[in-house]
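Structure first, then comments.
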Amino acid sequence: MTSARMRTLIAIVVALAGLVAGSSVGAPRAAAASNAVPNYEVKLNLTSAALDASNGPSSAVRSTLGLGSSSTGSTYEYFDTGSLALNGEGWSVRLRHEQSEDLDLNYKRRFAVIGGNIDGALTTANKAGFDKSDDNYDAQVDWTYDKQTLSFANKKDSSSAGLSGTSLPSASDAVDLVVDKIPGKLEDTRSKNWGKDTLKGSRAHGPVTSRNWKGTWHGTKVDVEVLPVRAASGSGTERIVEFSFKADALAEATALRAAAITELDAKGWLLKSGVLKTSLILDRY
């Protein structure tokens, strides 16, 4: 091989090496999206001792928690199959009608928080496609007396025209509505159209109708919900009483939660266990 041909061959090899390096090592890579930043909602259940004869918060509870004397009503139901296929994948789908408001649709994906490791749950969610870059979902840590759960909620609305009070659409219309508004992450959860096909085969679990009292406690907006649900025996009802508030940061949620537990326990109103309303309604209706 002549020296000229050798020089040409070397030049070609060097050029190809540069192209390979430029397309891999030196090429800019898309940075992975960071974990979502959640807010916090503390939910503590109260005993029946917190209610008066009309099954609303007693005057002592209203005074302690800064609640107004009037309440608003809301009716809601969840949609899932008889075998709870959506719930099995961590999803819940709720349709709610609050008094004098449009219909509220909530598509929520839940991730377990194990041993208080919120960062770990956020990383797990990130790997499932729920990260800081997706502004279609609101990230929140739900914190009951004995459990934390990370959730990502996609909220939509629809006109309530023609519906009086807090009534909901007919069963078939309600299914059509939640199917029509389904977000992409739910639609393709396990495979293309899995979520939509599953939701089409779902039924309403409910409805239930609650009353809500709003107020201000320790400078924070709070809510007390009284929800009658079908008893576990299938006969009669039991009332779930939930005191809740939101905080933007973990430190604030921690301090307020500790104060709430101390005050409610001292009054004899604190139920020292968490009640998961979604699971309760899915199981009993």
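So you can find residues: chains in the structure tokens are A, B, ... in the order shown, residues in each start at 1, and ligands are numbered from 1 in order.
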Notebook entry, point to check: Which residues, written as a ChimeraX atom specification, have at least one atom at most 9 Å from Ser48 (chain A), with only C-alpha atoms counted and residues fewer than 5 positions away on the same chain left out?
Noted result: /A:55,239-241,269
Keeping only all heavy atoms, take the residues you just selected and write them out as a compact mmCIF listing (two decimals), in the first residue's frame.
```txt
# COMPACT_ATOMS: atom_id res chain seq x y z
N ASN A 55 -76.39 15.11 63.94
CA ASN A 55 -75.29 14.46 63.21
C ASN A 55 -74.39 15.45 62.47
O ASN A 55 -73.77 15.11 61.47
CB ASN A 55 -75.81 13.39 62.25
CG ASN A 55 -76.38 12.20 62.98
OD1 ASN A 55 -75.79 11.69 63.92
ND2 ASN A 55 -77.56 11.76 62.57
N ARG A 239 -71.55 6.64 60.22
CA ARG A 239 -71.09 7.96 59.81
C ARG A 239 -69.59 8.08 59.95
O ARG A 239 -69.03 7.82 61.02
CB ARG A 239 -71.81 9.05 60.61
CG ARG A 239 -73.22 9.28 60.13
CD ARG A 239 -74.00 10.26 60.96
NE ARG A 239 -75.30 10.48 60.33
CZ ARG A 239 -76.34 9.65 60.42
NH1 ARG A 239 -76.22 8.55 61.14
NH2 ARG A 239 -77.48 9.92 59.79
N ILE A 240 -68.95 8.48 58.85
CA ILE A 240 -67.52 8.75 58.85
C ILE A 240 -67.35 10.25 59.05
O ILE A 240 -67.94 11.06 58.31
CB ILE A 240 -66.87 8.32 57.52
CG1 ILE A 240 -67.23 6.86 57.20
CG2 ILE A 240 -65.38 8.52 57.56
CD1 ILE A 240 -66.83 5.87 58.26
N VAL A 241 -66.58 10.64 60.05
CA VAL A 241 -66.33 12.05 60.33
C VAL A 241 -64.85 12.32 60.10
O VAL A 241 -63.99 11.69 60.74
CB VAL A 241 -66.72 12.42 61.78
CG1 VAL A 241 -66.61 13.94 61.98
CG2 VAL A 241 -68.11 11.92 62.11
N TRP A 269 -62.17 13.37 70.99
CA TRP A 269 -62.82 13.31 69.67
C TRP A 269 -62.01 12.51 68.65
O TRP A 269 -62.52 12.22 67.57
CB TRP A 269 -63.01 14.72 69.12
CG TRP A 269 -63.87 15.61 69.96
CD1 TRP A 269 -64.89 15.22 70.77
CD2 TRP A 269 -63.78 17.04 70.09
NE1 TRP A 269 -65.45 16.31 71.40
CE2 TRP A 269 -64.80 17.45 70.99
CE3 TRP A 269 -62.96 18.02 69.52
CZ2 TRP A 269 -64.99 18.78 71.35
CZ3 TRP A 269 -63.15 19.35 69.87
CH2 TRP A 269 -64.16 19.72 70.78
```
Go through region 163-277 of chain A and flag each residue having an atom no more than 8 Å from region 142-153 of chain A; for those, report the closest pair of atoms plus their distance in Å to one decimal, using only C-alpha atoms, ordered by chain and rising number, as JSON lines.
```
{"residue": "A:Lys272", "atom": "CA", "partner": "A:Tyr145", "partner_atom": "CA", "distance": 6.4}
{"residue": "A:Ser273", "atom": "CA", "partner": "A:Tyr145", "partner_atom": "CA", "distance": 5.6}
{"residue": "A:Gly274", "atom": "CA", "partner": "A:Tyr145", "partner_atom": "CA", "distance": 5.2}
{"residue": "A:Val275", "atom": "CA", "partner": "A:Thr144", "partner_atom": "CA", "distance": 7.9}
```
As an mmCIF file with all heavy atoms, in the first residue's frame, please: the residues near region 97-99 of chain A (cut-off 7 Å, only C-alpha atoms, same-chain neighbours under 3 positions excluded).
```cif
data_model
loop_
_atom_site.group_PDB
_atom_site.id
_atom_site.type_symbol
_atom_site.label_atom_id
_atom_site.label_comp_id
_atom_site.auth_asym_id
_atom_site.auth_seq_id
_atom_site.Cartn_x
_atom_site.Cartn_y
_atom_site.Cartn_z
ATOM 1 N N THR A 72 -72.340 22.748 53.445
ATOM 2 C CA THR A 72 -72.666 22.526 52.035
ATOM 3 C C THR A 72 -72.720 21.025 51.797
ATOM 4 O O THR A 72 -72.057 20.245 52.499
ATOM 5 C CB THR A 72 -71.632 23.156 51.090
ATOM 6 O OG1 THR A 72 -70.333 22.607 51.382
ATOM 7 C CG2 THR A 72 -71.588 24.666 51.251
ATOM 8 N N GLY A 73 -73.519 20.622 50.827
ATOM 9 C CA GLY A 73 -73.648 19.206 50.520
ATOM 10 C C GLY A 73 -72.923 18.827 49.247
ATOM 11 O O GLY A 73 -72.690 19.669 48.370
ATOM 12 N N SER A 74 -72.528 17.581 49.142
ATOM 13 C CA SER A 74 -71.950 17.059 47.897
ATOM 14 C C SER A 74 -72.270 15.575 47.790
ATOM 15 O O SER A 74 -72.333 14.863 48.798
ATOM 16 C CB SER A 74 -70.437 17.287 47.836
ATOM 17 O OG SER A 74 -69.764 16.568 48.848
ATOM 18 N N THR A 75 -72.507 15.150 46.570
ATOM 19 C CA THR A 75 -72.790 13.743 46.298
ATOM 20 C C THR A 75 -71.722 13.211 45.358
ATOM 21 O O THR A 75 -71.341 13.890 44.394
ATOM 22 C CB THR A 75 -74.182 13.570 45.657
ATOM 23 O OG1 THR A 75 -75.171 14.039 46.578
ATOM 24 C CG2 THR A 75 -74.473 12.122 45.311
ATOM 25 N N TYR A 76 -71.201 12.030 45.649
ATOM 26 C CA TYR A 76 -70.162 11.488 44.765
ATOM 27 C C TYR A 76 -70.232 9.969 44.699
ATOM 28 O O TYR A 76 -70.847 9.309 45.531
ATOM 29 C CB TYR A 76 -68.771 11.971 45.156
ATOM 30 C CG TYR A 76 -68.340 11.764 46.593
ATOM 31 C CD1 TYR A 76 -67.584 10.667 46.975
ATOM 32 C CD2 TYR A 76 -68.636 12.711 47.573
ATOM 33 C CE1 TYR A 76 -67.134 10.504 48.275
ATOM 34 C CE2 TYR A 76 -68.204 12.560 48.883
ATOM 35 C CZ TYR A 76 -67.451 11.457 49.222
ATOM 36 O OH TYR A 76 -67.008 11.297 50.519
ATOM 37 N N ASP A 102 -70.216 22.953 39.201
ATOM 38 C CA ASP A 102 -70.186 22.024 38.087
ATOM 39 C C ASP A 102 -69.796 20.631 38.586
ATOM 40 O O ASP A 102 -69.324 20.465 39.726
ATOM 41 C CB ASP A 102 -69.168 22.486 37.033
ATOM 42 C CG ASP A 102 -69.691 23.626 36.173
ATOM 43 O OD1 ASP A 102 -70.924 23.802 36.102
ATOM 44 O OD2 ASP A 102 -68.867 24.350 35.578
ATOM 45 N N LEU A 103 -69.963 19.640 37.730
ATOM 46 C CA LEU A 103 -69.517 18.296 38.072
ATOM 47 C C LEU A 103 -67.993 18.270 38.125
ATOM 48 O O LEU A 103 -67.307 18.866 37.292
ATOM 49 C CB LEU A 103 -70.008 17.293 37.033
ATOM 50 C CG LEU A 103 -71.527 17.094 36.935
ATOM 51 C CD1 LEU A 103 -71.857 16.171 35.765
ATOM 52 C CD2 LEU A 103 -72.091 16.547 38.238
ATOM 53 N N ASP A 104 -67.489 17.577 39.112
ATOM 54 C CA ASP A 104 -66.039 17.481 39.319
ATOM 55 C C ASP A 104 -65.610 16.033 39.075
ATOM 56 O O ASP A 104 -66.133 15.110 39.701
ATOM 57 C CB ASP A 104 -65.701 17.906 40.747
ATOM 58 C CG ASP A 104 -64.270 17.592 41.133
ATOM 59 O OD1 ASP A 104 -63.378 18.238 40.603
ATOM 60 O OD2 ASP A 104 -64.058 16.664 41.960
ATOM 61 N N GLY A 165 -79.806 20.365 42.815
ATOM 62 C CA GLY A 165 -79.133 20.078 44.076
ATOM 63 C C GLY A 165 -77.746 19.506 43.882
ATOM 64 O O GLY A 165 -76.894 20.110 43.230
ATOM 65 N N THR A 166 -77.537 18.307 44.415
ATOM 66 C CA THR A 166 -76.247 17.626 44.242
ATOM 67 C C THR A 166 -76.419 16.313 43.474
ATOM 68 O O THR A 166 -75.586 15.412 43.581
ATOM 69 C CB THR A 166 -75.613 17.321 45.612
ATOM 70 O OG1 THR A 166 -76.444 16.401 46.330
ATOM 71 C CG2 THR A 166 -75.435 18.589 46.433
ATOM 72 N N SER A 167 -77.490 16.223 42.691
ATOM 73 C CA SER A 167 -77.762 14.971 41.972
ATOM 74 C C SER A 167 -76.713 14.714 40.898
ATOM 75 O O SER A 167 -76.060 15.629 40.396
ATOM 76 C CB SER A 167 -79.153 15.010 41.347
ATOM 77 O OG SER A 167 -79.264 16.068 40.414
ATOM 78 N N LEU A 168 -76.566 13.453 40.538
ATOM 79 C CA LEU A 168 -75.585 13.020 39.550
ATOM 80 C C LEU A 168 -76.285 12.544 38.280
ATOM 81 O O LEU A 168 -77.479 12.232 38.301
ATOM 82 C CB LEU A 168 -74.728 11.892 40.125
ATOM 83 C CG LEU A 168 -73.829 12.264 41.302
ATOM 84 C CD1 LEU A 168 -73.219 11.002 41.922
ATOM 85 C CD2 LEU A 168 -72.729 13.228 40.870
#
```
Per residue of region 59-162 of chain A within 8 Å of region 179-203 of chain A, which atom pair is closest and at what distance in Å (one decimal), using only C-alpha atoms, listed by chain and increasing number, as JSON lines?
```
{"residue": "A:Phe79", "atom": "CA", "partner": "A:Arg203", "partner_atom": "CA", "distance": 5.4}
{"residue": "A:Asp80", "atom": "CA", "partner": "A:Ser202", "partner_atom": "CA", "distance": 4.6}
{"residue": "A:Thr81", "atom": "CA", "partner": "A:Ser202", "partner_atom": "CA", "distance": 4.2}
{"residue": "A:Gly82", "atom": "CA", "partner": "A:Ser202", "partner_atom": "CA", "distance": 7.2}
{"residue": "A:Ala85", "atom": "CA", "partner": "A:Thr198", "partner_atom": "CA", "distance": 7.5}
{"residue": "A:Leu86", "atom": "CA", "partner": "A:Thr198", "partner_atom": "CA", "distance": 7.4}
{"residue": "A:Trp91", "atom": "CA", "partner": "A:Leu186", "partner_atom": "CA", "distance": 7.7}
{"residue": "A:Tyr107", "atom": "CA", "partner": "A:Ile182", "partner_atom": "CA", "distance": 7.7}
{"residue": "A:Asn154", "atom": "CA", "partner": "A:Pro183", "partner_atom": "CA", "distance": 7.4}
{"residue": "A:Lys156", "atom": "CA", "partner": "A:Lys181", "partner_atom": "CA", "distance": 7.5}
```
Store the residues picked out above, limited to N, CA, C and O atoms, as a PDB file, in the first residue's frame.
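What ended up in part22.pdb:
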```pdb
ATOM      1  N   PHE A  79     -66.009   4.881  40.177  1.00  0.00           N
ATOM      2  CA  PHE A  79     -66.257   3.963  39.073  1.00  0.00           C
ATOM      3  C   PHE A  79     -65.143   2.932  38.992  1.00  0.00           C
ATOM      4  O   PHE A  79     -63.955   3.270  38.951  1.00  0.00           O
ATOM      5  N   ASP A  80     -65.565   1.665  39.008  1.00  0.00           N
ATOM      6  CA  ASP A  80     -64.621   0.565  38.879  1.00  0.00           C
ATOM      7  C   ASP A  80     -65.421  -0.672  38.508  1.00  0.00           C
ATOM      8  O   ASP A  80     -66.658  -0.684  38.598  1.00  0.00           O
ATOM      9  N   THR A  81     -64.733  -1.708  38.103  1.00  0.00           N
ATOM     10  CA  THR A  81     -65.395  -2.967  37.781  1.00  0.00           C
ATOM     11  C   THR A  81     -65.791  -3.671  39.071  1.00  0.00           C
ATOM     12  O   THR A  81     -65.384  -3.267  40.174  1.00  0.00           O
ATOM     13  N   GLY A  82     -66.560  -4.741  38.947  1.00  0.00           N
ATOM     14  CA  GLY A  82     -66.941  -5.506  40.123  1.00  0.00           C
ATOM     15  C   GLY A  82     -65.739  -6.091  40.843  1.00  0.00           C
ATOM     16  O   GLY A  82     -65.739  -6.220  42.074  1.00  0.00           O
ATOM     17  N   ALA A  85     -60.744  -3.691  39.163  1.00  0.00           N
ATOM     18  CA  ALA A  85     -59.542  -3.763  38.329  1.00  0.00           C
ATOM     19  C   ALA A  85     -58.753  -2.455  38.339  1.00  0.00           C
ATOM     20  O   ALA A  85     -57.514  -2.462  38.352  1.00  0.00           O
ATOM     21  N   LEU A  86     -59.438  -1.316  38.314  1.00  0.00           N
ATOM     22  CA  LEU A  86     -58.737  -0.031  38.344  1.00  0.00           C
ATOM     23  C   LEU A  86     -58.022   0.164  39.675  1.00  0.00           C
ATOM     24  O   LEU A  86     -56.857   0.581  39.726  1.00  0.00           O
ATOM     25  N   TRP A  91     -55.465   3.052  40.652  1.00  0.00           N
ATOM     26  CA  TRP A  91     -56.277   4.162  40.150  1.00  0.00           C
ATOM     27  C   TRP A  91     -57.623   4.234  40.863  1.00  0.00           C
ATOM     28  O   TRP A  91     -58.210   3.209  41.216  1.00  0.00           O
ATOM     29  N   TYR A 107     -59.405  11.828  38.538  1.00  0.00           N
ATOM     30  CA  TYR A 107     -58.707  10.592  38.176  1.00  0.00           C
ATOM     31  C   TYR A 107     -57.408  10.572  38.986  1.00  0.00           C
ATOM     32  O   TYR A 107     -56.530  11.418  38.778  1.00  0.00           O
ATOM     33  N   ASN A 154     -55.613  14.039  38.440  1.00  0.00           N
ATOM     34  CA  ASN A 154     -55.962  14.765  37.224  1.00  0.00           C
ATOM     35  C   ASN A 154     -57.421  15.192  37.378  1.00  0.00           C
ATOM     36  O   ASN A 154     -58.302  14.349  37.453  1.00  0.00           O
ATOM     37  N   LYS A 156     -60.858  17.329  36.282  1.00  0.00           N
ATOM     38  CA  LYS A 156     -61.589  17.902  35.158  1.00  0.00           C
ATOM     39  C   LYS A 156     -62.998  18.259  35.616  1.00  0.00           C
ATOM     40  O   LYS A 156     -63.427  17.861  36.705  1.00  0.00           O
TER      41      LYS A 156
END
```
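Here CA of Trp217 (chain A) is placed at a distance of 8.2 Å from CA of Leu67 (chain A).
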Notebook entry, point to check: Looking only at the backbone, which of the residues in region 23-171 of chain A does DSSP tag as strand (DSSP E or B), as a ChimeraX atom specification?
Noted result: /A:39-46,51,57,67,72-80,91-98,103-112,138-143,148-158
Check: Looking only at the backbone, which of the residues in region 100-230 of chain A does DSSP tag as alpha helix (DSSP H), as a ChimeraX atom specification?
Finding: /A:118-127,171-180,184-187,194-200
Note to self: At a cut-off of 12 Å, using only C-alpha atoms, what residues contact Gly219 (chain A)? Leave out same-chain residues fewer than 3 positions from it and give the result as a count of residues only.
What the structure shows: 10
Margin query: At a cut-off of 12 Å, using only C-alpha atoms, what residues contact Asp52 (chain A)? Leave out same-chain residues fewer than 5 positions from it and give the result as a list in words.
Written below: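 The contact residues come out as Thr47, Pro57, Ser58, Ser59, Ala60, Val61, Arg62 and Val226 of chain A.
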Notebook entry, point to check: Separation of CA of Gly268 (chain A) and CA of Ala50 (chain A), in Å?
Noted result: 8.3 Å
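As for CA of Arg257 (chain A) and CA of Gly115 (chain A), they are spaced 17.4 Å apart.
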Note to self: Given only C-alpha atoms as the basis, pick out the residue of A:Ser279, A:Ser170, A:Thr254, A:Asn35 nearest to Gly129 (chain A).
What the structure shows: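 Under the stated criterion, the closest residue is A:Asn35.
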